[in-house]
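Beneath this line is the structure, given in structure tokens, with notes to follow.
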Amino acid sequence: MSSELDKKRMAHILGGGKEKQDQQRKKGKLTAFERANAIFDAGTFVEIDPFVVHDCNEFGLENKKNLGDGVITGYGLIDGRLVYSFLHDFTVLGGSLGLAFASKVCKIMDLAMKQGTPIIGINDSGGARIQEGVRSLAGYAEIFHRNVQASGVIPQISVIAGPCAGGAVYSPAITDFIIMTKSAYMFITGPDVVREVTKEQVDFNALGGASIHNEKSGVAHFVAEDEQDCFTLLRKLLSFFPSNNLENPPCIESEDDPNRQDQELNSILPSSPQKPYDMHELIRKIVDNRDFLEVQRHWAKNIIIGLARLNGNPVGIVANNPQVLAGVLDIDSCDKAARFVRFCDCFNMPLIAFVDVPGFLPGTSQEWGGIIRHGAKLLYAFSEATVPKFSIIIRKAYGGAYCVLNSKHIGADYNFAWPNAEIAVMGHEAACNIIFKKEISESANPDKKRAKLGDDYRTKFSNPYVAASLGYIDDVIEPKQTRPRLISSLKSIYKKRVNRPHRKHGNIPV
Ligand code: HXC
């Protein structure tokens, strides 16, 4: 090999220099090349564009030209499947993005789109390279545009492994999933600007740390202890997805008996319909090997979303969580579930809803915050999804929430109910207070009258048989039959294809 090539390669591998790499490691972070080696199957990562440099000669940048310009781009195998990636190198100008850097990212995104493979971005960046001015802004916008074009065509996953500041946040925000390491942070404007404008005193963590974006803002989907944990999670997440929207998700050989019936499901519900139970455990008892990868588990916990397999086939799960706010639907839970439903639909992953919902959360904060349009989002998402769709009414399905949560009427293929399911416009007390207001108030004993009318209402609606008699519920099943029944139904509708009238796109209430 020529010594010039050797020298250049060595310089490139050192990024911003040994000192900067040591600083990076001291912060508990890997270098960009170490990350590539940790993510891809051993020896499979192939880099392109290592010799790109910026051509900016102002503000001292003429003396800061690093081969590769602060980002490593290429492709490799993850569990034997092709994946493209770009990895920011914080040791070079703080991973800041200029035009040459952006062009490298765009090139890799274009290649991923041509081939139809997932793309992973490893973010560790101070944002727009300030010295490059509008060139940086143009570079970002070119990337954002590609993120949008790729949305729904190839899976896009963002890892935030350090700062993700300013313009750096929007590309991850458009991608399908964001994984943050515990020490990472994301913000549009940093603590200094915040202090100047709003007088609030916050540090990086309090402003945009991993816990903020996983618990409060809903921007991130996962938090990882450290980078190794993060890359293990990343590989697992990818294992559920097809490479692109024209493929089916990868089915694997399942060791879990498709006919397995878990007897404990028959007694999982408490005797009182007011009492909560563990919906996560219910899901684990039904899916293959109890393996359920929950998404956004720290945010809007009244709804549970996540990925699992049934007889080896990846499926997306949406379930109310009776342990949080009784599983009611509110603004955040509708947003959370709607985006997940749309992701599953983009990538041909069948959807299963486990329904136990007392309705929408009442109150001014919800009404003023626009629960109407947020709830409509979830309704729209389930309704427009063309993948095989299933729902199981576990206990309550009240009011509008019954319609919204994958009901037969908005296109579900199979709807089942457990024997104690209650399907009604509202709970019996509230219902009687409205429809029998006069009878109750005129009665000699209003409490007795209310209780009697309530019992009649409950007898009529606190069971799934009225809905089943109308064909809205395809069958009432014993809880322990849920797994085999879902697997059999999935087989019977797996080839579902839906043709819709041509249109540019719908107008989901965002
Ligand atoms: C150019 C930058 C940079 C940037 C960091 N550096 N951010 N260079 N443009 N945006 C450089 C630093 O000058 C330094 O160079 C090196 O990267 C490492 O930075 P440090 O500050 O020493 O590191 P650290 O203490 O770890 O702090 C990291 C940081 C901080 C928190 C990210 O650098 C920071 O606050 N940067 C600015 C963040 C920001 O406000 N970005 C928004 C840009 S505007 P030397 O030579 O000393 O090693 C934007 C809007 C675009 O992005 C909108 C598009 C839609």
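Starting from 1 in every chain, residues are counted up; chains themselves are A, B, ... following the order of the structure tokens, and ligands are numbered from 1 as listed.
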If you count only C-alpha atoms and all ligand atoms, which residues end up within 8 Å of ligand 1, as a PDB file with C-alpha atoms, in the first residue's frame?
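Saved the output as part_6.pdb:
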ATOM      1  CA  LYS A  20      -9.949  14.694  21.627  1.00  0.00           C
ATOM      2  CA  PHE A  90     -17.673  14.644  17.958  1.00  0.00           C
ATOM      3  CA  THR A  91     -13.869  14.879  18.064  1.00  0.00           C
ATOM      4  CA  VAL A  92     -13.932  16.851  14.810  1.00  0.00           C
ATOM      5  CA  LEU A  93     -15.328  20.349  15.370  1.00  0.00           C
ATOM      6  CA  GLY A  94     -17.796  18.973  17.929  1.00  0.00           C
ATOM      7  CA  GLY A  95     -19.536  16.855  15.289  1.00  0.00           C
ATOM      8  CA  SER A  96     -20.937  20.113  13.892  1.00  0.00           C
ATOM      9  CA  LEU A  97     -22.537  19.914  10.462  1.00  0.00           C
ATOM     10  CA  SER A 125     -23.184  16.862  17.454  1.00  0.00           C
ATOM     11  CA  GLY A 126     -23.151  20.519  18.459  1.00  0.00           C
ATOM     12  CA  GLY A 127     -25.523  21.338  15.573  1.00  0.00           C
ATOM     13  CA  ALA A 128     -24.990  23.624  12.598  1.00  0.00           C
ATOM     14  CA  ARG A 129     -21.307  24.428  12.018  1.00  0.00           C
ATOM     15  CA  ILE A 130     -21.577  28.090  12.840  1.00  0.00           C
ATOM     16  CA  GLN A 131     -18.615  29.179  10.708  1.00  0.00           C
ATOM     17  CA  SER A 136     -24.919  24.441   7.168  1.00  0.00           C
ATOM     18  CA  LEU A 137     -28.581  25.367   7.073  1.00  0.00           C
ATOM     19  CA  ALA A 138     -28.813  24.159   3.470  1.00  0.00           C
ATOM     20  CA  TYR A 140     -29.577  20.269   7.225  1.00  0.00           C
ATOM     21  CA  ALA A 141     -32.568  21.026   5.042  1.00  0.00           C
ATOM     22  CA  PRO A 163     -25.215  16.315  22.409  1.00  0.00           C
ATOM     23  CA  CYS A 164     -27.862  16.753  19.725  1.00  0.00           C
ATOM     24  CA  ALA A 165     -28.222  20.493  19.517  1.00  0.00           C
ATOM     25  CA  GLY A 166     -30.028  22.997  17.338  1.00  0.00           C
ATOM     26  CA  GLY A 167     -30.510  21.846  13.759  1.00  0.00           C
ATOM     27  CA  ALA A 168     -29.298  18.355  14.674  1.00  0.00           C
ATOM     28  CA  TYR A 170     -34.941  17.579  13.369  1.00  0.00           C
ATOM     29  CA  ILE A 188     -33.337  23.253  19.966  1.00  0.00           C
ATOM     30  CA  THR A 189     -31.918  26.136  22.010  1.00  0.00           C
ATOM     31  CA  GLY A 190     -29.393  25.576  24.796  1.00  0.00           C
ATOM     32  CA  PHE A 204     -28.390  20.356  29.662  1.00  0.00           C
TER      33      PHE A 204
END
Applying 12 Å and only C-alpha atoms, which residues near range 211-223 of chain A remain after dropping the ones on its own chain fewer than 5 positions away? List them as an mmCIF file with C-alpha atoms, in the first residue's frame.
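File selection32.cif, as written:
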data_model
loop_
_atom_site.group_PDB
_atom_site.id
_atom_site.type_symbol
_atom_site.label_atom_id
_atom_site.label_comp_id
_atom_site.auth_asym_id
_atom_site.auth_seq_id
_atom_site.Cartn_x
_atom_site.Cartn_y
_atom_site.Cartn_z
ATOM 1 C CA ILE A 157 -33.541 4.813 13.459
ATOM 2 C CA SER A 158 -31.694 7.525 15.368
ATOM 3 C CA VAL A 159 -29.326 6.965 18.245
ATOM 4 C CA ILE A 160 -28.497 10.017 20.352
ATOM 5 C CA ALA A 161 -25.154 9.294 21.970
ATOM 6 C CA VAL A 169 -32.626 17.519 16.346
ATOM 7 C CA TYR A 170 -34.941 17.579 13.369
ATOM 8 C CA PRO A 172 -34.023 12.314 14.424
ATOM 9 C CA ALA A 173 -37.466 13.796 15.056
ATOM 10 C CA ILE A 174 -38.628 12.678 11.601
ATOM 11 C CA THR A 175 -37.133 9.190 11.913
ATOM 12 C CA ASP A 176 -39.173 6.279 13.231
ATOM 13 C CA PHE A 177 -37.387 5.638 16.532
ATOM 14 C CA ILE A 178 -35.027 7.573 18.792
ATOM 15 C CA ILE A 179 -32.825 5.765 21.300
ATOM 16 C CA MET A 180 -30.993 8.011 23.781
ATOM 17 C CA THR A 181 -28.130 6.952 25.984
ATOM 18 C CA LYS A 182 -28.484 8.107 29.594
ATOM 19 C CA SER A 183 -25.908 10.862 29.208
ATOM 20 C CA ALA A 184 -27.213 12.219 25.881
ATOM 21 C CA TYR A 185 -29.275 15.364 25.491
ATOM 22 C CA MET A 186 -31.338 17.048 22.793
ATOM 23 C CA PHE A 187 -32.532 20.618 22.560
ATOM 24 C CA ASP A 203 -28.736 22.680 32.684
ATOM 25 C CA PHE A 204 -28.390 20.356 29.662
ATOM 26 C CA ASN A 205 -29.931 17.447 31.507
ATOM 27 C CA ALA A 206 -32.908 19.268 32.933
ATOM 28 C CA ASP A 229 -26.831 -1.419 26.006
ATOM 29 C CA CYS A 230 -27.955 0.986 23.301
ATOM 30 C CA PHE A 231 -26.490 -1.051 20.430
ATOM 31 C CA LEU A 233 -31.352 -2.639 21.856
ATOM 32 C CA LEU A 234 -30.812 -1.226 18.370
ATOM 33 C CA LEU A 237 -35.381 -3.379 17.383
ATOM 34 C CA LEU A 293 -40.248 -5.059 23.412
ATOM 35 C CA GLU A 294 -42.119 -2.107 24.835
ATOM 36 C CA VAL A 295 -41.728 1.226 23.033
ATOM 37 C CA GLN A 296 -41.953 4.589 24.892
ATOM 38 C CA ARG A 297 -42.537 2.785 28.164
ATOM 39 C CA HIS A 298 -41.877 5.822 30.336
ATOM 40 C CA TRP A 299 -44.248 8.250 28.615
ATOM 41 C CA ALA A 300 -48.081 8.278 28.446
ATOM 42 C CA LYS A 301 -48.092 5.074 30.441
ATOM 43 C CA ILE A 305 -47.240 -0.006 22.665
ATOM 44 C CA GLY A 306 -44.600 -2.434 21.534
ATOM 45 C CA ILE A 331 -53.897 13.554 24.482
ATOM 46 C CA ASP A 332 -50.463 11.980 24.919
ATOM 47 C CA SER A 333 -51.630 8.367 24.795
ATOM 48 C CA CYS A 334 -53.496 9.033 21.537
ATOM 49 C CA ASP A 335 -50.417 10.676 19.988
ATOM 50 C CA LYS A 336 -48.192 7.842 21.169
ATOM 51 C CA ALA A 337 -50.392 5.061 19.839
ATOM 52 C CA ARG A 339 -47.677 7.241 15.456
ATOM 53 C CA PHE A 340 -46.893 3.642 16.367
#
Q: Tell me which of A:Ala417, A:Leu87, A:Ala451, A:Val105 sits closest to Ile143 in chain A, counting only C-alpha atoms.
A: A:Val105
Q. Hey, what does DSSP flag as strand (DSSP E or B) within range 271-471 of chain A? Can you give it to me as a PyMOL selection string?
A. chain A and resi 293-295+303-310+313-320+329+351-357+360+389-398+414-417+422-424
Keeping only C-alpha atoms, write the selected residues as an mmCIF file, in the first residue's frame.
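Result file again_3.cif:
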data_model
loop_
_atom_site.group_PDB
_atom_site.id
_atom_site.type_symbol
_atom_site.label_atom_id
_atom_site.label_comp_id
_atom_site.auth_asym_id
_atom_site.auth_seq_id
_atom_site.Cartn_x
_atom_site.Cartn_y
_atom_site.Cartn_z
ATOM 1 C CA LEU A 293 -40.248 -5.059 23.412
ATOM 2 C CA GLU A 294 -42.119 -2.107 24.835
ATOM 3 C CA VAL A 295 -41.728 1.226 23.033
ATOM 4 C CA ILE A 303 -51.310 3.142 26.869
ATOM 5 C CA ILE A 304 -48.810 0.391 26.112
ATOM 6 C CA ILE A 305 -47.240 -0.006 22.665
ATOM 7 C CA GLY A 306 -44.600 -2.434 21.534
ATOM 8 C CA LEU A 307 -43.339 -5.241 19.339
ATOM 9 C CA ALA A 308 -43.568 -8.975 19.764
ATOM 10 C CA ARG A 309 -43.914 -12.143 17.699
ATOM 11 C CA LEU A 310 -46.758 -14.588 17.244
ATOM 12 C CA ASN A 313 -44.286 -13.290 12.911
ATOM 13 C CA PRO A 314 -43.577 -9.741 14.123
ATOM 14 C CA VAL A 315 -46.684 -7.860 15.282
ATOM 15 C CA GLY A 316 -47.352 -4.405 16.720
ATOM 16 C CA ILE A 317 -49.319 -4.286 19.973
ATOM 17 C CA VAL A 318 -51.431 -1.456 21.393
ATOM 18 C CA ALA A 319 -52.993 -2.029 24.816
ATOM 19 C CA ASN A 320 -54.699 0.087 27.447
ATOM 20 C CA LEU A 329 -57.323 7.708 26.514
ATOM 21 C CA LEU A 351 -51.674 -4.788 14.564
ATOM 22 C CA ILE A 352 -53.265 -6.197 17.706
ATOM 23 C CA ALA A 353 -55.246 -4.073 20.182
ATOM 24 C CA PHE A 354 -55.876 -5.355 23.706
ATOM 25 C CA VAL A 355 -58.777 -3.164 24.761
ATOM 26 C CA ASP A 356 -59.755 -2.210 28.296
ATOM 27 C CA VAL A 357 -60.752 1.423 28.076
ATOM 28 C CA PHE A 360 -61.575 9.573 27.077
ATOM 29 C CA LYS A 389 -55.860 -5.849 12.297
ATOM 30 C CA PHE A 390 -57.133 -7.639 15.381
ATOM 31 C CA SER A 391 -58.689 -6.544 18.629
ATOM 32 C CA ILE A 392 -59.529 -8.352 21.829
ATOM 33 C CA ILE A 393 -61.848 -6.635 24.277
ATOM 34 C CA ILE A 394 -60.470 -7.753 27.599
ATOM 35 C CA ARG A 395 -62.825 -5.873 29.884
ATOM 36 C CA LYS A 396 -64.250 -2.394 29.178
ATOM 37 C CA ALA A 397 -64.852 -0.783 25.809
ATOM 38 C CA TYR A 398 -66.843 2.350 26.497
ATOM 39 C CA TYR A 414 -61.052 -9.981 13.600
ATOM 40 C CA ASN A 415 -62.622 -8.729 16.814
ATOM 41 C CA PHE A 416 -62.807 -10.981 19.840
ATOM 42 C CA ALA A 417 -64.049 -10.422 23.374
ATOM 43 C CA GLU A 422 -68.519 -4.693 28.808
ATOM 44 C CA ILE A 423 -69.332 -2.864 25.584
ATOM 45 C CA ALA A 424 -71.457 0.188 26.224
#
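Taking CA of Gly359 in chain A as the reference point, CA of Gly399 in chain A is found at 5.9 Å.
For Pro249 in chain A, the set of protein, DNA and RNA residues having any atom at most 7 Å away, when counting only C-alpha atoms and skipping those fewer than 6 positions along the same chain, is Phe240, Phe241, Pro242, Pro314, Asn348 and Met349 of chain A.
The space between CA of Glu132 in chain A and CA of Val202 in chain A spans 28.5 Å.
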Q.
Give me, as number ranges by chain, all polymer residues having an atom no more than 12 Å from Lys275 in chain A, counting only C-alpha atoms and skipping those fewer than 4 positions away in the same chain.
A. A: 268-271, 321-327, 356, 395-396
Using N, CA, C and O atoms, can you export the residues from the last selection as a PDB file, in the first residue's frame?
ATOM      1  N   ILE A 268     -56.810 -13.914  35.339  1.00  0.00           N
ATOM      2  CA  ILE A 268     -55.963 -12.718  35.457  1.00  0.00           C
ATOM      3  C   ILE A 268     -56.771 -11.465  35.834  1.00  0.00           C
ATOM      4  O   ILE A 268     -56.254 -10.535  36.445  1.00  0.00           O
ATOM      5  N   LEU A 269     -58.068 -11.470  35.493  1.00  0.00           N
ATOM      6  CA  LEU A 269     -58.869 -10.277  35.799  1.00  0.00           C
ATOM      7  C   LEU A 269     -59.355 -10.318  37.243  1.00  0.00           C
ATOM      8  O   LEU A 269     -59.849 -11.342  37.704  1.00  0.00           O
ATOM      9  N   PRO A 270     -59.249  -9.188  37.981  1.00  0.00           N
ATOM     10  CA  PRO A 270     -59.766  -9.149  39.355  1.00  0.00           C
ATOM     11  C   PRO A 270     -61.293  -9.252  39.354  1.00  0.00           C
ATOM     12  O   PRO A 270     -61.929  -8.962  38.332  1.00  0.00           O
ATOM     13  N   SER A 271     -61.859  -9.651  40.498  1.00  0.00           N
ATOM     14  CA  SER A 271     -63.325  -9.808  40.518  1.00  0.00           C
ATOM     15  C   SER A 271     -64.031  -8.468  40.323  1.00  0.00           C
ATOM     16  O   SER A 271     -65.097  -8.402  39.718  1.00  0.00           O
ATOM     17  N   ASN A 321     -53.629   0.445  29.567  1.00  0.00           N
ATOM     18  CA  ASN A 321     -52.980   0.015  30.799  1.00  0.00           C
ATOM     19  C   ASN A 321     -53.846   0.365  32.010  1.00  0.00           C
ATOM     20  O   ASN A 321     -53.829   1.512  32.472  1.00  0.00           O
ATOM     21  N   PRO A 322     -54.587  -0.610  32.533  1.00  0.00           N
ATOM     22  CA  PRO A 322     -55.511  -0.291  33.633  1.00  0.00           C
ATOM     23  C   PRO A 322     -54.802   0.172  34.909  1.00  0.00           C
ATOM     24  O   PRO A 322     -55.450   0.710  35.801  1.00  0.00           O
ATOM     25  N   GLN A 323     -53.489   0.018  34.965  1.00  0.00           N
ATOM     26  CA  GLN A 323     -52.755   0.455  36.164  1.00  0.00           C
ATOM     27  C   GLN A 323     -52.440   1.952  36.156  1.00  0.00           C
ATOM     28  O   GLN A 323     -51.979   2.495  37.148  1.00  0.00           O
ATOM     29  N   VAL A 324     -52.656   2.619  35.029  1.00  0.00           N
ATOM     30  CA  VAL A 324     -52.388   4.063  34.974  1.00  0.00           C
ATOM     31  C   VAL A 324     -53.628   4.777  34.450  1.00  0.00           C
ATOM     32  O   VAL A 324     -54.083   4.507  33.334  1.00  0.00           O
ATOM     33  N   LEU A 325     -54.191   5.642  35.274  1.00  0.00           N
ATOM     34  CA  LEU A 325     -55.411   6.393  34.915  1.00  0.00           C
ATOM     35  C   LEU A 325     -56.521   5.453  34.410  1.00  0.00           C
ATOM     36  O   LEU A 325     -57.287   5.816  33.517  1.00  0.00           O
ATOM     37  N   ALA A 326     -56.554   4.256  34.941  1.00  0.00           N
ATOM     38  CA  ALA A 326     -57.553   3.246  34.561  1.00  0.00           C
ATOM     39  C   ALA A 326     -57.532   2.932  33.063  1.00  0.00           C
ATOM     40  O   ALA A 326     -58.493   2.391  32.512  1.00  0.00           O
ATOM     41  N   GLY A 327     -56.424   3.293  32.401  1.00  0.00           N
ATOM     42  CA  GLY A 327     -56.309   2.970  30.971  1.00  0.00           C
ATOM     43  C   GLY A 327     -57.066   3.917  30.059  1.00  0.00           C
ATOM     44  O   GLY A 327     -57.284   3.632  28.881  1.00  0.00           O
ATOM     45  N   ASP A 356     -59.078  -2.330  27.002  1.00  0.00           N
ATOM     46  CA  ASP A 356     -59.755  -2.210  28.296  1.00  0.00           C
ATOM     47  C   ASP A 356     -59.792  -0.730  28.611  1.00  0.00           C
ATOM     48  O   ASP A 356     -58.934  -0.199  29.321  1.00  0.00           O
ATOM     49  N   ARG A 395     -61.872  -6.218  28.821  1.00  0.00           N
ATOM     50  CA  ARG A 395     -62.825  -5.873  29.884  1.00  0.00           C
ATOM     51  C   ARG A 395     -63.737  -4.739  29.409  1.00  0.00           C
ATOM     52  O   ARG A 395     -64.779  -5.010  28.868  1.00  0.00           O
ATOM     53  N   LYS A 396     -63.331  -3.482  29.546  1.00  0.00           N
ATOM     54  CA  LYS A 396     -64.250  -2.394  29.178  1.00  0.00           C
ATOM     55  C   LYS A 396     -63.957  -1.852  27.781  1.00  0.00           C
ATOM     56  O   LYS A 396     -62.798  -1.704  27.401  1.00  0.00           O
TER      57      LYS A 396
END
